[in-house]
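S.K.: What follows is model.cif; its format and atoms are mmCIF, C-alpha atoms.
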data_data
loop_
_atom_site.label_atom_id
_atom_site.label_comp_id
_atom_site.auth_asym_id
_atom_site.auth_seq_id
_atom_site.Cartn_x
_atom_site.Cartn_y
_atom_site.Cartn_z
CA SER N 599 -8.17 21.89 -20.37
CA PRO N 600 -7.02 18.24 -20.40
CA PRO N 601 -9.67 15.56 -21.11
CA PRO N 602 -11.46 14.03 -18.09
CA LEU N 603 -9.77 10.68 -18.54
CA LEU N 604 -6.39 12.10 -17.69
CA ARG N 605 -7.39 13.65 -14.40
CA LEU N 606 -6.72 10.36 -12.67
CA ASP N 607 -6.43 10.18 -8.92
CA MET N 608 -2.80 10.22 -7.90
CA ALA N 609 -1.65 6.85 -6.71
CA LYS N 610 1.49 4.90 -7.50
CA LYS N 611 2.81 1.91 -9.27
CA ARG N 612 4.31 -1.31 -8.18
CA SER N 613 3.57 -4.59 -9.81
CA GLY N 614 4.82 -8.11 -9.88
CA ASN N 615 4.22 -11.53 -11.44
CA ALA N 616 4.45 -15.28 -11.31
CA GLY N 617 7.09 -16.72 -9.05
CA PRO N 618 8.94 -15.01 -6.23
CA PRO N 619 10.21 -11.56 -7.17
CA ARG N 620 13.91 -11.14 -7.83
CA PRO N 621 15.47 -9.21 -4.96
CA LEU N 622 15.99 -5.50 -5.56
CA VAL N 623 18.16 -3.06 -3.70
CA PRO N 624 17.39 -3.72 -0.02
CA SER N 625 14.80 -1.33 1.36
CA ALA N 626 15.35 0.57 4.58
CA MET N 627 11.67 -0.03 5.32
CA LYS N 628 11.09 -3.44 6.91
CA SER N 629 7.52 -3.28 8.23
CA LEU N 630 4.80 -4.22 5.74
CA LYS N 631 2.27 -2.40 7.92
CA ARG N 632 4.38 0.76 7.73
CA ALA N 633 4.82 0.33 3.98
CA ARG N 634 1.07 0.09 3.46
CA HIS N 635 0.52 3.19 5.58
CA VAL N 636 3.09 5.15 3.57
CA THR N 637 1.58 4.15 0.22
CA SER N 638 -1.96 4.88 1.39
CA GLU N 639 -1.00 8.33 2.71
CA PHE N 640 1.08 9.09 -0.36
CA HIS N 641 -1.93 8.31 -2.58
CA ARG N 642 -4.24 10.45 -0.45
CA ILE N 643 -1.91 13.45 -0.47
CA GLN N 644 -1.34 13.21 -4.21
CA ARG N 645 -5.08 12.99 -4.92
CA GLU N 646 -5.71 16.08 -2.83
CA LEU N 647 -2.86 17.93 -4.51
CA ASP N 648 -4.38 17.04 -7.87
CA LEU N 649 -7.71 18.51 -6.77
CA VAL N 650 -6.10 21.67 -5.39
CA THR N 651 -4.23 22.29 -8.65
CA GLY N 652 -7.12 21.34 -10.91
CA GLY N 653 -5.49 18.18 -12.27
CA GLY N 654 -1.94 19.50 -12.19
CA SER N 655 -1.75 20.57 -15.81
CA ASP N 656 -1.41 24.32 -15.51
CA GLY N 657 -1.86 25.16 -11.85
CA ASN N 658 -5.45 26.34 -12.26
CA LYS N 659 -8.01 25.20 -9.73
CA HIS N 660 -10.75 22.82 -10.75
CA LYS N 661 -14.16 24.45 -10.80
CA SER N 662 -15.38 22.35 -7.89
CA GLY N 663 -12.13 22.71 -5.91
CA PRO N 664 -10.91 25.30 -3.41
CA HIS N 665 -10.45 28.91 -4.46
CA ALA N 666 -8.54 31.47 -2.37
CA ALA N 667 -7.49 28.74 0.07
CA GLY N 668 -5.78 26.82 -2.74
CA LYS N 669 -2.26 28.04 -2.08
CA SER N 670 -2.33 27.41 1.66
CA SER N 671 -3.91 23.99 1.09
CA LYS N 672 -1.18 23.09 -1.34
CA LYS N 673 1.47 24.24 1.13
CA GLU N 674 -0.04 22.12 3.89
CA LEU N 675 -0.24 19.05 1.64
CA GLU N 676 3.38 19.49 0.61
CA ARG N 677 4.29 19.71 4.32
CA GLN N 678 2.47 16.43 4.95
CA LEU N 679 4.24 14.79 2.02
CA LYS N 680 7.63 15.90 3.36
CA GLY N 681 6.72 14.62 6.83
CA LEU N 682 5.85 11.24 5.35
CA GLY N 683 9.30 10.98 3.83
CA GLY N 684 8.42 12.11 0.32
CA ARG N 685 8.92 10.00 -2.77
CA GLN N 686 11.97 8.30 -1.27
CA ALA N 687 9.82 6.76 1.47
CA TYR N 688 7.22 5.82 -1.11
CA GLN N 689 9.89 4.16 -3.28
CA GLU N 690 11.08 2.09 -0.32
CA ALA N 691 7.51 1.10 0.52
CA SER N 692 6.91 0.10 -3.08
CA VAL N 693 9.95 -2.18 -3.11
CA LEU N 694 8.64 -3.94 -0.02
CA THR N 695 5.11 -4.43 -1.32
CA THR N 696 5.83 -5.10 -5.00
CA GLY N 697 5.60 -8.88 -4.73
CA ARG N 698 2.03 -8.63 -3.47
CA HIS N 699 0.65 -7.06 -6.66
CA ARG N 700 1.78 -9.50 -9.32
CA THR N 701 0.27 -7.82 -12.34
CA CYS N 702 2.86 -9.41 -14.64
CA LYS N 703 1.10 -12.74 -14.25
CA TRP N 704 -1.82 -11.34 -16.23
CA VAL N 705 0.54 -10.10 -18.96
CA PHE N 706 1.91 -13.62 -19.39
CA ALA N 707 -1.56 -15.13 -19.49
CA VAL N 708 -2.87 -12.69 -22.12
CA LEU N 709 0.17 -13.01 -24.37
CA THR N 710 -0.12 -16.80 -24.24
CA ARG N 711 -3.88 -16.74 -24.81
CA LEU N 712 -3.50 -14.46 -27.85
CA GLY N 713 -0.86 -16.71 -29.37
CA MET N 714 1.94 -14.15 -29.08
CA ARG N 715 4.29 -16.33 -27.06
CA PRO N 716 7.04 -17.25 -29.54
CA LYS N 717 8.17 -20.80 -30.17
CA LYS N 718 11.72 -21.82 -29.35
CA SER N 719 12.82 -21.31 -32.95
CA GLU N 720 11.28 -17.83 -33.18
CA PRO N 721 12.79 -14.48 -32.10
CA LYS N 722 12.04 -13.25 -28.61
CA LEU N 723 9.10 -10.90 -28.17
CA ARG N 724 10.32 -7.32 -27.75
CA LEU N 725 8.81 -5.62 -24.70
CA LEU N 726 9.23 -2.21 -23.09
CA GLU N 727 8.44 -2.06 -19.37
CA VAL N 728 7.81 1.44 -18.06
CA GLY N 729 8.40 2.08 -14.36
CA ALA N 730 9.89 -1.36 -13.63
CA VAL N 731 10.46 -2.18 -9.96
CA ASN N 732 11.37 -5.85 -10.23
CA THR N 733 13.01 -8.20 -12.72
CA GLN N 734 10.17 -10.64 -13.23
CA LEU N 735 9.68 -9.75 -16.90
CA LEU N 736 13.42 -9.55 -17.47
CA ALA N 737 13.75 -13.14 -16.26
CA VAL N 738 11.35 -14.56 -18.88
CA PRO N 739 13.41 -16.42 -21.51
CA TRP N 740 11.05 -15.72 -24.43
CA LEU N 741 10.92 -11.96 -23.86
CA ALA N 742 13.50 -9.38 -24.96
CA VAL N 743 12.80 -6.74 -22.31
CA ARG N 744 13.96 -3.19 -21.95
CA ALA N 745 13.00 -2.19 -18.41
CA VAL N 746 13.22 1.46 -17.36
CA ASP N 747 12.42 3.48 -14.27
CA ILE N 748 13.09 7.10 -13.42
CA LYS N 749 14.79 5.90 -10.22
CA SER N 750 15.98 2.35 -10.81
CA GLN N 751 16.20 -0.02 -7.85
CA HIS N 752 18.08 -2.77 -9.72
CA PRO N 753 21.21 -2.81 -11.95
CA LYS N 754 19.30 -4.53 -14.77
CA ILE N 755 16.67 -1.77 -14.84
CA GLU N 756 17.77 1.36 -16.68
CA THR N 757 17.58 4.67 -14.88
CA MET N 758 15.68 6.53 -17.57
CA ASP N 759 12.81 8.96 -17.87
CA PHE N 760 10.25 7.39 -20.21
CA PHE N 761 9.56 10.82 -21.73
CA ASP N 762 13.19 11.00 -22.90
CA ILE N 763 13.02 7.80 -24.99
CA THR N 764 12.48 8.45 -28.69
CA PRO N 765 9.71 6.14 -29.97
CA ALA N 766 10.47 4.01 -33.03
CA GLN N 767 7.48 1.64 -33.23
CA GLU N 768 9.81 -1.23 -32.36
CA TYR N 769 8.07 -3.05 -29.50
CA LYS N 770 5.36 -5.67 -29.77
CA VAL N 771 4.42 -5.04 -26.14
CA VAL N 772 4.52 -2.04 -23.80
CA VAL N 773 3.74 -2.58 -20.11
CA CYS N 774 2.77 0.35 -17.87
CA SER N 775 1.78 -1.01 -14.47
CA MET N 776 0.70 1.36 -11.70
CA VAL N 777 2.64 4.21 -13.32
CA LEU N 778 0.22 6.48 -15.19
CA ASN N 779 -1.55 7.39 -11.96
CA CYS N 780 1.75 8.67 -10.56
CA VAL N 781 2.42 11.19 -13.30
CA SER N 782 2.09 14.68 -11.86
CA SER N 783 -0.12 16.39 -14.44
CA ALA N 784 -3.06 15.58 -16.67
CA LEU N 785 -1.20 16.82 -19.74
CA LYS N 786 1.78 14.55 -19.06
CA ARG N 787 -0.53 11.59 -18.51
CA GLY N 788 -1.93 12.24 -21.96
CA ARG N 789 1.57 12.43 -23.40
CA MET N 790 2.49 9.15 -21.73
CA LEU N 791 -0.43 7.34 -23.36
CA ALA N 792 0.36 8.78 -26.77
CA LEU N 793 4.04 7.89 -26.42
CA ALA N 794 3.22 4.35 -25.33
CA ARG N 795 1.29 3.91 -28.57
CA SER N 796 4.14 5.42 -30.59
CA HIS N 797 6.56 2.83 -29.18
CA LEU N 798 4.36 -0.03 -30.40
CA ALA N 799 4.81 -1.79 -33.70
CA PRO N 800 1.61 -2.15 -35.77
CA GLY N 801 -0.75 -4.51 -33.97
CA GLY N 802 1.29 -4.27 -30.75
CA LEU N 803 -0.24 -4.57 -27.29
CA PHE N 804 -0.33 -1.98 -24.51
CA PHE N 805 -0.87 -3.31 -20.98
CA LEU N 806 -2.13 -0.65 -18.59
CA MET N 807 -2.74 -1.30 -14.90
CA LEU N 808 -4.26 1.28 -12.55
CA PRO N 809 -5.66 1.38 -9.03
CA ARG N 810 -9.41 0.79 -9.38
CA ARG N 811 -10.20 3.89 -7.39
CA THR N 812 -8.69 6.07 -10.13
CA ILE N 813 -11.56 5.11 -12.44
CA GLU N 814 -14.27 4.29 -9.87
CA ASN N 815 -13.92 6.94 -7.17
CA SER N 816 -12.46 9.78 -9.19
CA PRO N 817 -14.48 12.95 -9.92
CA PHE N 818 -12.68 13.15 -13.27
CA SER N 819 -12.63 9.70 -14.87
CA THR N 820 -14.45 6.39 -15.38
CA GLN N 821 -13.60 3.16 -17.16
CA SER N 822 -15.83 4.18 -20.05
CA ILE N 823 -14.11 7.56 -20.44
CA LEU N 824 -10.69 5.91 -20.30
CA THR N 825 -11.42 3.37 -23.03
CA LYS N 826 -13.20 5.88 -25.27
CA GLN N 827 -10.37 8.39 -25.05
CA LEU N 828 -7.78 5.74 -25.87
CA ALA N 829 -9.90 4.68 -28.83
CA THR N 830 -9.52 8.21 -30.24
CA ILE N 831 -5.76 7.66 -30.57
CA GLY N 832 -6.05 4.22 -32.13
CA MET N 833 -5.98 1.94 -29.08
CA GLU N 834 -8.68 -0.72 -29.00
CA VAL N 835 -9.57 -2.70 -25.87
CA VAL N 836 -8.69 -6.38 -26.21
CA GLU N 837 -9.15 -7.63 -22.64
CA THR N 838 -9.93 -6.27 -19.19
CA LYS N 839 -9.86 -7.66 -15.68
CA MET N 840 -10.77 -6.29 -12.28
CA SER N 841 -9.10 -7.50 -9.09
CA PRO N 842 -10.21 -6.13 -5.72
CA LYS N 843 -7.80 -3.18 -6.01
CA VAL N 844 -6.34 -3.13 -9.53
CA ALA N 845 -7.89 -2.51 -12.97
CA PHE N 846 -6.17 -4.38 -15.82
CA PHE N 847 -6.43 -3.29 -19.46
CA CYS N 848 -4.93 -4.69 -22.63
CA PHE N 849 -5.17 -2.40 -25.68
CA LYS N 850 -4.17 -3.12 -29.27
CA LYS N 851 -2.69 -0.59 -31.66
CA VAL N 852 -5.25 -0.72 -34.46
CA GLU N 853 -4.37 2.04 -36.90
CA GLU N 854 -1.37 3.90 -38.20
CA ARG N 855 -1.44 7.67 -37.79
CA ALA N 856 0.34 10.49 -36.03
CA CYS N 857 -0.83 10.72 -32.44
CA ASP N 858 -1.60 14.13 -31.00
CA PHE N 859 -3.46 13.31 -27.82
CA GLY N 860 -4.51 16.90 -27.25
CA GLU N 861 -6.13 17.11 -30.66
CA ALA N 862 -7.72 13.67 -30.37
CA ALA N 863 -9.22 14.56 -27.03
CA LYS N 864 -11.10 17.51 -28.55
CA LYS N 865 -13.14 15.22 -30.79
#
Would you kindly transcribe this structure into structure tokens?
M.R.:
Amino acid sequence: SPPPLLRLDMAKKRSGNAGPPRPLVPSAMKSLKRARHVTSEFHRIQRELDLVTGGGSDGNKHKSGPHAAGKSSKKELERQLKGLGGRQAYQEASVLTTGRHRTCKWVFAVLTRLGMRPKKSEPKLRLLEVGAVNTQLLAVPWLAVRAVDIKSQHPKIETMDFFDITPAQEYKVVVCSMVLNCVSSALKRGRMLALARSHLAPGGLFFLMLPRRTIENSPFSTQSILTKQLATIGMEVVETKMSPKVAFFCFKKVEERACDFGEAAKK
């Protein structure tokens, strides 16, 4: 079965950064209170679905989860998700709240602190942003950003499934903010981490942001498990930060080797 680290609670992305966010496609959702309710309920339903399906990797129940009632529980949770408006409602809520979780500000600060911000005469720093919902990174003049999202909300953000991008070790930075916790299965979360590393050039940095509850209130994962598992695939912690709701991690690609997350996790 998938390693404990990858059985993260299901939550969802949405980040931001310094300065007012660039406007995205207007959201049909106008109430911030409603948006917060939708995101909170979406997270709850996804966490419970993850428990019912044993982490979502193969449909098996977790040992401590429900047994015969699993199917009916899953059906009820799916009904609740549909009643909430599904992922479309969540996407609209995320657009409305994105400016309130400016995780990109930390990315800027770390890159500057580590001396990676290029001088005017130097080439721009190549960066891949996974699950982009605003153009804050795209607007930075010293970054050459490729921003992708499976359901883009802005013409400058590519509509692209991250899993369909062939890695070529070409980016100095990969940013994955509030995205990993939204991936539907433990196995795919492992693949996402391994692919993120594969996109990095030697010595490149991987910025990972997660809701704190995914590593503090989860029955499957902790901060220690997360960092140790990433170390097995050649990702070393450089910096961390904890805000009231978000956990920030910066990892460095420290060794060259083929990454098979499944095999690494068995060690």
S.K.: Provide the atom CA of N:Lys843 to atom CA of N:Arg715 distance in Å, to one decimal place.
M.R.: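 One can read the atom CA of N:Lys843 to atom CA of N:Arg715 distance as 27.6 Å.
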S.K.: Within 8 Å of stretch 788-805 of chain N, counting only C-alpha atoms, which residues qualify if same-chain residues fewer than 5 places away don't, as a PDB file with C-alpha atoms, in the frame of the given file?
M.R.:
ATOM      1  CA  LEU N 604      -6.390  12.100 -17.690  1.00  0.00           C
ATOM      2  CA  VAL N 705       0.540 -10.100 -18.960  1.00  0.00           C
ATOM      3  CA  PHE N 761       9.560  10.820 -21.730  1.00  0.00           C
ATOM      4  CA  PRO N 765       9.710   6.140 -29.970  1.00  0.00           C
ATOM      5  CA  ALA N 766      10.470   4.010 -33.030  1.00  0.00           C
ATOM      6  CA  GLN N 767       7.480   1.640 -33.230  1.00  0.00           C
ATOM      7  CA  GLU N 768       9.810  -1.230 -32.360  1.00  0.00           C
ATOM      8  CA  TYR N 769       8.070  -3.050 -29.500  1.00  0.00           C
ATOM      9  CA  LYS N 770       5.360  -5.670 -29.770  1.00  0.00           C
ATOM     10  CA  VAL N 771       4.420  -5.040 -26.140  1.00  0.00           C
ATOM     11  CA  VAL N 772       4.520  -2.040 -23.800  1.00  0.00           C
ATOM     12  CA  VAL N 773       3.740  -2.580 -20.110  1.00  0.00           C
ATOM     13  CA  CYS N 774       2.770   0.350 -17.870  1.00  0.00           C
ATOM     14  CA  SER N 775       1.780  -1.010 -14.470  1.00  0.00           C
ATOM     15  CA  LEU N 778       0.220   6.480 -15.190  1.00  0.00           C
ATOM     16  CA  LEU N 828      -7.780   5.740 -25.870  1.00  0.00           C
ATOM     17  CA  ILE N 831      -5.760   7.660 -30.570  1.00  0.00           C
ATOM     18  CA  MET N 833      -5.980   1.940 -29.080  1.00  0.00           C
ATOM     19  CA  PHE N 846      -6.170  -4.380 -15.820  1.00  0.00           C
ATOM     20  CA  PHE N 847      -6.430  -3.290 -19.460  1.00  0.00           C
ATOM     21  CA  CYS N 848      -4.930  -4.690 -22.630  1.00  0.00           C
ATOM     22  CA  PHE N 849      -5.170  -2.400 -25.680  1.00  0.00           C
ATOM     23  CA  LYS N 850      -4.170  -3.120 -29.270  1.00  0.00           C
ATOM     24  CA  LYS N 851      -2.690  -0.590 -31.660  1.00  0.00           C
ATOM     25  CA  VAL N 852      -5.250  -0.720 -34.460  1.00  0.00           C
ATOM     26  CA  GLU N 853      -4.370   2.040 -36.900  1.00  0.00           C
ATOM     27  CA  GLU N 854      -1.370   3.900 -38.200  1.00  0.00           C
ATOM     28  CA  CYS N 857      -0.830  10.720 -32.440  1.00  0.00           C
ATOM     29  CA  ASP N 858      -1.600  14.130 -31.000  1.00  0.00           C
ATOM     30  CA  PHE N 859      -3.460  13.310 -27.820  1.00  0.00           C
ATOM     31  CA  GLY N 860      -4.510  16.900 -27.250  1.00  0.00           C
TER      32      GLY N 860
END
S.K.: Applying 6 Å and all atoms listed in the file, which residues near N:Leu808 remain after dropping the ones on its own chain fewer than 6 positions away? List them as an mmCIF file with C-alpha atoms, in the coordinates of the input.
M.R.:
data_model
loop_
_atom_site.group_PDB
_atom_site.id
_atom_site.type_symbol
_atom_site.label_atom_id
_atom_site.label_comp_id
_atom_site.auth_asym_id
_atom_site.auth_seq_id
_atom_site.Cartn_x
_atom_site.Cartn_y
_atom_site.Cartn_z
ATOM 1 C CA MET N 776 0.700 1.360 -11.700
ATOM 2 C CA VAL N 844 -6.340 -3.130 -9.530
ATOM 3 C CA ALA N 845 -7.890 -2.510 -12.970
#
S.K.: Just checking: using only C-alpha atoms, which residue out of N:Ser822, N:Thr812, N:Thr710, N:Gln751 ends up closest to N:Val777?
M.R.: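 Smallest distance to N:Val777 is found for N:Thr812.
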S.K.: Can you measure atom CA of N:Lys631 to atom CA of N:Glu690 for me? One decimal in Å is fine.
M.R.: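 Those two atoms sit 12.9 Å apart.
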S.K.: Rounded to one decimal in Å, what is the spacing between atom CA of N:Leu785 and atom CA of N:Thr637?
M.R.: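 For atom CA of N:Leu785 relative to atom CA of N:Thr637, the distance reads 23.8 Å.
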S.K.: Near N:Ile755, within 6 Å and counting only C-alpha atoms, which residues show up once chain neighbours fewer than 3 positions away are dropped, as a PDB file with C-alpha atoms, keeping the file's coordinate frame?
M.R.:
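Generated output (result.pdb):
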ATOM      1  CA  ALA N 745      13.000  -2.190 -18.410  1.00  0.00           C
ATOM      2  CA  VAL N 746      13.220   1.460 -17.360  1.00  0.00           C
ATOM      3  CA  SER N 750      15.980   2.350 -10.810  1.00  0.00           C
ATOM      4  CA  HIS N 752      18.080  -2.770  -9.720  1.00  0.00           C
TER       5      HIS N 752
END
S.K.: For each of N:Glu646, N:Glu727, N:Glu639, N:Asp762, take the minimum atom-to-atom distance to N:Leu806, counting all atoms listed in the file, then give the residue where this is smallest.
M.R.: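 Answer, going by the shortest atom-to-atom distance: N:Glu727.
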S.K.: I'd like the neighbourhood of N:Val636 as an MDAnalysis selection string, where a residue qualifies if any of its atoms comes within 9 Å (using only C-alpha atoms), though same-chain residues fewer than 5 positions away should be ignored.
M.R.: chainID N and resid 631 641 682:683 687:688 691
S.K.: Skip N:Asp747 itself and residues of its chain fewer than 2 positions away, then list as a PyMOL selection string all residues within 7 Å of it, counting only C-alpha atoms.
M.R.: chain N and resi 728-730+749-750+755-759
